[in-house]
Structure formats: C-alpha cells, structure tokens
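Dropping entry.pdb in here (PDB, C-alpha atoms, pLDDT in the B column):
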ATOM      1  CA  MET A  69     293.728 251.716 158.303  1.00 43.00           C
ATOM      2  CA  ILE A  70     292.277 252.851 155.222  1.00 51.00           C
ATOM      3  CA  VAL A  71     292.019 249.385 153.957  1.00 50.00           C
ATOM      4  CA  LEU A  72     290.061 248.294 156.995  1.00 50.00           C
ATOM      5  CA  SER A  73     287.393 250.936 156.705  1.00 58.00           C
ATOM      6  CA  VAL A  74     286.927 250.492 153.008  1.00 61.00           C
ATOM      7  CA  ASN A  75     286.573 246.692 152.863  1.00 69.00           C
ATOM      8  CA  PRO A  76     283.244 245.463 154.358  1.00 66.00           C
ATOM      9  CA  LEU A  77     284.549 241.908 154.932  1.00 68.00           C
ATOM     10  CA  VAL A  78     287.261 243.050 157.200  1.00 71.00           C
ATOM     11  CA  SER A  79     285.332 245.660 159.121  1.00 71.00           C
ATOM     12  CA  PRO A  80     283.325 244.325 162.055  1.00 72.00           C
ATOM     13  CA  ASP A  81     279.619 244.792 161.748  1.00 76.00           C
ATOM     14  CA  PRO A  82     277.728 244.242 165.028  1.00 81.00           C
ATOM     15  CA  GLY A  83     274.580 242.895 163.314  1.00 82.00           C
ATOM     16  CA  LEU A  84     276.517 240.445 161.242  1.00 80.00           C
ATOM     17  CA  PHE A  85     278.375 239.353 164.328  1.00 84.00           C
ATOM     18  CA  ILE A  86     275.176 238.726 166.283  1.00 91.00           C
ATOM     19  CA  TRP A  87     273.595 236.795 163.418  1.00 90.00           C
ATOM     20  CA  ALA A  88     276.733 234.735 163.020  1.00 89.00           C
ATOM     21  CA  VAL A  89     276.723 233.899 166.762  1.00 93.00           C
ATOM     22  CA  VAL A  90     272.981 233.043 166.602  1.00 95.00           C
ATOM     23  CA  ALA A  91     273.503 230.836 163.515  1.00 94.00           C
ATOM     24  CA  PHE A  92     276.454 229.150 165.180  1.00 94.00           C
ATOM     25  CA  GLY A  93     274.413 228.600 168.371  1.00 95.00           C
ATOM     26  CA  ILE A  94     271.517 227.085 166.368  1.00 95.00           C
ATOM     27  CA  LEU A  95     273.964 224.920 164.430  1.00 94.00           C
ATOM     28  CA  PHE A  96     275.608 223.904 167.708  1.00 90.00           C
ATOM     29  CA  VAL A  97     272.267 222.921 169.284  1.00 90.00           C
ATOM     30  CA  LEU A  98     271.210 220.999 166.149  1.00 90.00           C
ATOM     31  CA  LEU A  99     274.525 219.218 165.910  1.00 88.00           C
ATOM     32  CA  ARG A 100     274.418 218.425 169.614  1.00 84.00           C
ATOM     33  CA  ALA A 101     270.848 217.097 169.412  1.00 82.00           C
ATOM     34  CA  PHE A 102     271.077 215.135 166.156  1.00 86.00           C
ATOM     35  CA  ALA A 103     274.736 214.436 165.386  1.00 86.00           C
ATOM     36  CA  TRP A 104     276.837 214.323 168.524  1.00 85.00           C
ATOM     37  CA  LYS A 105     274.568 211.982 170.500  1.00 82.00           C
ATOM     38  CA  PRO A 106     274.545 209.316 167.749  1.00 83.00           C
ATOM     39  CA  ILE A 107     278.265 209.855 167.122  1.00 87.00           C
ATOM     40  CA  LEU A 108     279.054 209.580 170.860  1.00 86.00           C
ATOM     41  CA  ALA A 109     276.693 206.609 171.158  1.00 87.00           C
ATOM     42  CA  ALA A 110     278.395 204.930 168.187  1.00 89.00           C
ATOM     43  CA  LEU A 111     281.820 205.656 169.676  1.00 91.00           C
ATOM     44  CA  THR A 112     280.723 204.315 173.068  1.00 93.00           C
ATOM     45  CA  GLU A 113     279.205 201.255 171.428  1.00 93.00           C
ATOM     46  CA  ARG A 114     282.379 200.717 169.381  1.00 94.00           C
ATOM     47  CA  GLU A 115     284.519 201.116 172.502  1.00 95.00           C
ATOM     48  CA  GLN A 116     282.308 198.649 174.384  1.00 95.00           C
ATOM     49  CA  SER A 117     282.434 196.119 171.527  1.00 94.00           C
ATOM     50  CA  ILE A 118     286.244 196.412 171.401  1.00 95.00           C
ATOM     51  CA  GLU A 119     286.432 195.877 175.184  1.00 95.00           C
ATOM     52  CA  ASP A 120     284.069 192.895 174.919  1.00 95.00           C
ATOM     53  CA  ALA A 121     286.127 191.453 172.049  1.00 94.00           C
ATOM     54  CA  LEU A 122     289.314 191.895 174.070  1.00 95.00           C
ATOM     55  CA  ALA A 123     287.680 190.268 177.102  1.00 95.00           C
ATOM     56  CA  ARG A 124     286.457 187.351 174.971  1.00 95.00           C
ATOM     57  CA  ALA A 125     289.898 187.035 173.386  1.00 94.00           C
ATOM     58  CA  GLU A 126     291.519 186.993 176.818  1.00 95.00           C
ATOM     59  CA  ALA A 127     288.998 184.402 178.025  1.00 94.00           C
ATOM     60  CA  ALA A 128     289.616 182.311 174.907  1.00 93.00           C
ATOM     61  CA  LYS A 129     293.373 182.603 175.473  1.00 94.00           C
ATOM     62  CA  GLU A 130     292.973 181.448 179.084  1.00 94.00           C
ATOM     63  CA  GLU A 131     290.684 178.613 177.965  1.00 94.00           C
ATOM     64  CA  MET A 132     293.226 177.566 175.318  1.00 94.00           C
ATOM     65  CA  ALA A 133     295.997 177.626 177.925  1.00 93.00           C
ATOM     66  CA  ARG A 134     293.848 175.515 180.271  1.00 94.00           C
ATOM     67  CA  LEU A 135     292.933 173.066 177.495  1.00 93.00           C
ATOM     68  CA  THR A 136     296.553 172.837 176.395  1.00 94.00           C
ATOM     69  CA  GLY A 137     297.548 172.042 179.959  1.00 92.00           C
ATOM     70  CA  GLU A 138     294.814 169.417 180.208  1.00 93.00           C
ATOM     71  CA  ASN A 139     295.862 167.923 176.857  1.00 93.00           C
ATOM     72  CA  GLU A 140     299.470 167.705 177.994  1.00 94.00           C
ATOM     73  CA  ALA A 141     298.383 166.089 181.267  1.00 93.00           C
ATOM     74  CA  LEU A 142     296.174 163.609 179.380  1.00 93.00           C
ATOM     75  CA  LEU A 143     298.995 162.811 176.951  1.00 94.00           C
ATOM     76  CA  LYS A 144     301.412 162.280 179.818  1.00 95.00           C
ATOM     77  CA  GLU A 145     298.881 160.048 181.584  1.00 94.00           C
ATOM     78  CA  ALA A 146     298.228 158.129 178.352  1.00 94.00           C
ATOM     79  CA  ARG A 147     301.969 157.613 177.831  1.00 95.00           C
ATOM     80  CA  ILE A 148     302.359 156.339 181.390  1.00 95.00           C
ATOM     81  CA  GLU A 149     299.400 153.995 180.930  1.00 95.00           C
ATOM     82  CA  ARG A 150     300.779 152.795 177.579  1.00 95.00           C
ATOM     83  CA  ASP A 151     304.168 152.113 179.200  1.00 95.00           C
ATOM     84  CA  ASN A 152     302.465 150.209 182.022  1.00 95.00           C
ATOM     85  CA  ILE A 153     300.435 148.141 179.553  1.00 95.00           C
ATOM     86  CA  LEU A 154     303.549 147.358 177.504  1.00 95.00           C
ATOM     87  CA  ARG A 155     305.462 146.426 180.655  1.00 95.00           C
ATOM     88  CA  GLU A 156     302.610 144.141 181.776  1.00 95.00           C
ATOM     89  CA  ALA A 157     302.379 142.580 178.312  1.00 94.00           C
ATOM     90  CA  LYS A 158     306.140 141.913 178.276  1.00 95.00           C
ATOM     91  CA  LYS A 159     305.959 140.415 181.764  1.00 95.00           C
ATOM     92  CA  MET A 160     303.027 138.205 180.711  1.00 95.00           C
ATOM     93  CA  LYS A 161     304.855 137.170 177.527  1.00 93.00           C
ATOM     94  CA  ASP A 162     307.985 136.268 179.504  1.00 94.00           C
ATOM     95  CA  GLN A 163     305.875 134.316 182.005  1.00 95.00           C
ATOM     96  CA  ILE A 164     304.040 132.453 179.226  1.00 95.00           C
ATOM     97  CA  VAL A 165     307.320 131.633 177.465  1.00 93.00           C
ATOM     98  CA  SER A 166     308.877 130.509 180.751  1.00 94.00           C
ATOM     99  CA  ASP A 167     305.844 128.355 181.577  1.00 93.00           C
ATOM    100  CA  ALA A 168     305.841 126.881 178.068  1.00 92.00           C
ATOM    101  CA  LYS A 169     309.561 126.044 178.310  1.00 92.00           C
ATOM    102  CA  GLU A 170     309.072 124.500 181.737  1.00 93.00           C
ATOM    103  CA  THR A 171     306.064 122.495 180.567  1.00 94.00           C
ATOM    104  CA  ALA A 172     307.916 121.377 177.447  1.00 92.00           C
ATOM    105  CA  ALA A 173     310.936 120.335 179.546  1.00 92.00           C
ATOM    106  CA  LYS A 174     308.725 118.383 181.962  1.00 94.00           C
ATOM    107  CA  GLU A 175     306.792 116.780 179.118  1.00 93.00           C
ATOM    108  CA  GLY A 176     310.055 115.911 177.332  1.00 92.00           C
ATOM    109  CA  ALA A 177     311.523 114.399 180.493  1.00 93.00           C
ATOM    110  CA  ARG A 178     308.295 112.459 181.084  1.00 94.00           C
ATOM    111  CA  MET A 179     308.302 111.164 177.511  1.00 94.00           C
ATOM    112  CA  ILE A 180     311.997 110.223 177.743  1.00 94.00           C
ATOM    113  CA  GLU A 181     311.370 108.396 181.035  1.00 94.00           C
ATOM    114  CA  LYS A 182     308.363 106.637 179.520  1.00 93.00           C
ATOM    115  CA  ALA A 183     310.436 105.649 176.478  1.00 92.00           C
ATOM    116  CA  ARG A 184     313.272 104.425 178.750  1.00 94.00           C
ATOM    117  CA  VAL A 185     310.841 102.350 180.812  1.00 94.00           C
ATOM    118  CA  GLU A 186     309.309 100.967 177.620  1.00 93.00           C
ATOM    119  CA  ILE A 187     312.762 100.165 176.223  1.00 93.00           C
ATOM    120  CA  ASP A 188     313.772  98.469 179.507  1.00 93.00           C
ATOM    121  CA  SER A 189     310.523  96.520 179.503  1.00 93.00           C
ATOM    122  CA  GLN A 190     310.926  95.452 175.876  1.00 93.00           C
ATOM    123  CA  THR A 191     314.573  94.560 176.519  1.00 93.00           C
ATOM    124  CA  ALA A 192     313.595  92.441 179.522  1.00 92.00           C
ATOM    125  CA  ILE A 193     310.894  90.720 177.485  1.00 92.00           C
ATOM    126  CA  ALA A 194     313.312  90.128 174.616  1.00 91.00           C
ATOM    127  CA  LEU A 195     315.969  88.761 176.996  1.00 91.00           C
ATOM    128  CA  ALA A 196     313.402  86.477 178.608  1.00 89.00           C
ATOM    129  CA  LEU A 197     312.357  85.214 175.189  1.00 89.00           C
ATOM    130  CA  VAL A 198     315.972  84.661 174.181  1.00 88.00           C
ATOM    131  CA  LYS A 199     316.645  82.822 177.473  1.00 86.00           C
ATOM    132  CA  ASP A 200     313.564  80.691 176.951  1.00 86.00           C
ATOM    133  CA  GLN A 201     314.635  79.865 173.412  1.00 88.00           C
ATOM    134  CA  VAL A 202     318.206  79.185 174.499  1.00 84.00           C
ATOM    135  CA  ALA A 203     316.936  77.002 177.342  1.00 82.00           C
ATOM    136  CA  SER A 204     314.551  75.091 175.080  1.00 85.00           C
ATOM    137  CA  LEU A 205     317.274  74.696 172.446  1.00 83.00           C
ATOM    138  CA  SER A 206     319.734  73.571 175.119  1.00 82.00           C
ATOM    139  CA  ILE A 207     317.246  71.024 176.421  1.00 83.00           C
ATOM    140  CA  GLU A 208     316.566  69.734 172.911  1.00 83.00           C
ATOM    141  CA  ILE A 209     320.278  69.488 172.220  1.00 83.00           C
ATOM    142  CA  ALA A 210     320.862  67.792 175.584  1.00 80.00           C
ATOM    143  CA  GLU A 211     318.017  65.352 174.898  1.00 78.00           C
ATOM    144  CA  LYS A 212     319.453  64.476 171.516  1.00 79.00           C
ATOM    145  CA  ILE A 213     322.929  64.073 172.938  1.00 77.00           C
ATOM    146  CA  LEU A 214     321.637  61.960 175.835  1.00 72.00           C
ATOM    147  CA  GLN A 215     319.546  59.840 173.526  1.00 75.00           C
ATOM    148  CA  LYS A 216     322.644  59.178 171.443  1.00 73.00           C
ATOM    149  CA  GLN A 217     324.711  58.346 174.500  1.00 66.00           C
ATOM    150  CA  PHE A 218     322.059  56.201 176.207  1.00 69.00           C
ATOM    151  CA  GLU A 219     321.623  53.965 173.188  1.00 73.00           C
ATOM    152  CA  ASP A 220     324.662  52.037 174.273  1.00 73.00           C
ATOM    153  CA  LYS A 221     324.537  50.362 177.771  1.00 74.00           C
ATOM    154  CA  GLY A 222     328.289  50.726 178.257  1.00 76.00           C
ATOM    155  CA  LYS A 223     328.180  54.416 177.630  1.00 74.00           C
ATOM    156  CA  GLN A 224     325.342  54.776 180.179  1.00 74.00           C
ATOM    157  CA  ASP A 225     327.387  53.088 182.858  1.00 78.00           C
ATOM    158  CA  ALA A 226     330.435  55.210 182.062  1.00 79.00           C
ATOM    159  CA  LEU A 227     328.353  58.411 182.239  1.00 75.00           C
ATOM    160  CA  VAL A 228     326.815  57.444 185.596  1.00 77.00           C
ATOM    161  CA  ALA A 229     330.252  56.657 186.982  1.00 81.00           C
ATOM    162  CA  ASP A 230     331.616  59.962 185.698  1.00 82.00           C
ATOM    163  CA  LEU A 231     328.735  61.886 187.257  1.00 78.00           C
ATOM    164  CA  LEU A 232     329.269  60.138 190.570  1.00 79.00           C
ATOM    165  CA  LYS A 233     332.931  61.101 190.551  1.00 82.00           C
ATOM    166  CA  GLN A 234     331.992  64.724 189.946  1.00 80.00           C
ATOM    167  CA  VAL A 235     329.431  64.688 192.756  1.00 75.00           C
ATOM    168  CA  LYS A 236     331.980  63.290 195.181  1.00 65.00           C
ATOM    169  CA  LEU A 237     334.465  65.953 194.230  1.00 55.00           C
ATOM    170  CA  ASN A 238     332.032  68.775 194.864  1.00 49.00           C
TER
END
Kindly transcribe the structure held in the file into structure tokens.
Amino acid sequence: MIVLSVNPLVSPDPGLFIWAVVAFGILFVLLRAFAWKPILAALTEREQSIEDALARAEAAKEEMARLTGENEALLKEARIERDNILREAKKMKDQIVSDAKETAAKEGARMIEKARVEIDSQTAIALALVKDQVASLSIEIAEKILQKQFEDKGKQDALVADLLKQVKLN
C-alpha cells in the first residue's frame, strides 16, 4: 500500500474525480448535441437509402421477370403466327400450282381437239379435192376413150349392144 499512497496518479482525489465527471458530462452533452445526431441521421439516411435501393432492385427484378414473360409470350405468338402464315402460303402455292396444271391440261386438250378438228377438216377438204380431180380426170379419160370408140359406126353399135346385154343381166 505504500505505492498507492505515494503515487498521485493512482490515489483517488475527490476533486479530480468530480472535474473528470463534469468534463465527461460536458463532452457527452456536446457529442450528443453536435456529433451523435448527425451520425445517427447519416446512419438512418444510409439505412433508408439501402432499403430504397433494395426495394427498387426488387421492383426492377419483378419488372424484368414480367417483361421476360411477356417477351416469351410474344415470341411464342409470333412463332405461331409465322407458322400459320407459312402454312397458308404453302396452301396457296399448292392451290395455284394445281390450278395452273388444271388450266394447262384443259388448254392443252382444247388445243389438241382444235388441231384434230382442223386436221380432219383439212383432210376432208383434201379428199374432196382429190375426188374432184380423180372424177374430172376420169371423165376426161372416158371422153377421150369414147371419142376414139365412137369414131367408128361399127364400134358404136357393138358398144350399145354390149351395154344392153349388161342392163338385161342386172
């Protein structure tokens, strides 16, 4: 205990104690008035800004999820519409090709029939011309032959007799 009574830093002095408590109280009041309020306000503001940022992030996340869902729905709808358009286009193409083939077949058949009728007509005309020429040539030949035969009176009588025999036989 000797050391305690001799050293003034270790021995409690009531005046020093009171002044230390008063200084601490003044420091506490000053810190509370000027430091803690701004520090607490800054902490509260920081906490509020973090909460707001988290709320905005959550809202953005929900919005992104909603937009992603809408995008997927729009893409699905667009794919369905594209498939429908392609199906319609294929159906129209097949119909056009079918109609074109049918029209071409009808037109070909019509042209063939027209050509056949034309050929038949031309053939009939040609046959008629050939018959006319054959008939006129036959008549000319018959005239020449008859002229030769009718020059002689005896031959004329023989021909008439021969024709009469043929008529009686028929």
Enclosing box along x, y and z for every listed atom of segment 163-166 of chain A, padded 5 Å each side, centre and size in Å, one decimal, as AutoDock Vina command-line options:
--center_x 306.5 --center_y 132.4 --center_z 179.7 --size_x 14.8 --size_y 13.8 --size_z 14.5
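The spacing separating atom CA of Val228 of chain A from atom CA of Ile207 of chain A amounts to 19.0 Å.
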Grab the atom CA of Leu227 of chain A to atom CA of Leu214 of chain A distance for me, in Å with one decimal place. 9.9 Å
The distance between atom CA of Ala128 of chain A and atom CA of Lys144 of chain A is 23.8 Å
Generate N, CA, C and O atoms for segment 100-111 of chain A and emit them as a CSV table (one decimal), keeping the file's coordinate frame.
chain,number,residue,atom,x,y,z
A,100,ARG,N,274.4,219.1,168.3
A,100,ARG,CA,274.4,218.4,169.6
A,100,ARG,C,273.2,217.5,169.7
A,100,ARG,O,273.4,216.4,170.2
A,101,ALA,N,272.1,217.9,169.3
A,101,ALA,CA,270.8,217.1,169.4
A,101,ALA,C,270.9,215.9,168.4
A,101,ALA,O,270.5,214.8,168.8
A,102,PHE,N,271.2,216.2,167.2
A,102,PHE,CA,271.1,215.1,166.2
A,102,PHE,C,272.4,214.4,165.7
A,102,PHE,O,272.3,213.3,165.2
A,103,ALA,N,273.5,215.0,165.9
A,103,ALA,CA,274.7,214.4,165.4
A,103,ALA,C,275.6,213.9,166.5
A,103,ALA,O,276.2,212.8,166.4
A,104,TRP,N,275.9,214.7,167.5
A,104,TRP,CA,276.8,214.3,168.5
A,104,TRP,C,276.4,213.1,169.4
A,104,TRP,O,277.1,212.3,169.7
A,105,LYS,N,275.1,213.1,169.7
A,105,LYS,CA,274.6,212.0,170.5
A,105,LYS,C,274.7,210.7,169.7
A,105,LYS,O,275.3,209.7,170.3
A,106,PRO,N,274.3,210.6,168.5
A,106,PRO,CA,274.5,209.3,167.7
A,106,PRO,C,276.0,209.0,167.6
A,106,PRO,O,276.5,207.8,167.6
A,107,ILE,N,276.8,210.1,167.3
A,107,ILE,CA,278.3,209.9,167.1
A,107,ILE,C,278.9,209.4,168.4
A,107,ILE,O,279.7,208.4,168.4
A,108,LEU,N,278.5,210.0,169.6
A,108,LEU,CA,279.1,209.6,170.9
A,108,LEU,C,278.5,208.2,171.2
A,108,LEU,O,279.3,207.4,171.8
A,109,ALA,N,277.3,207.9,170.9
A,109,ALA,CA,276.7,206.6,171.2
A,109,ALA,C,277.4,205.5,170.3
A,109,ALA,O,277.7,204.5,170.8
A,110,ALA,N,277.7,205.9,169.1
A,110,ALA,CA,278.4,204.9,168.2
A,110,ALA,C,279.8,204.7,168.7
A,110,ALA,O,280.3,203.6,168.7
A,111,LEU,N,280.5,205.8,169.1
A,111,LEU,CA,281.8,205.7,169.7
A,111,LEU,C,281.8,204.8,171.0
A,111,LEU,O,282.7,204.0,171.2
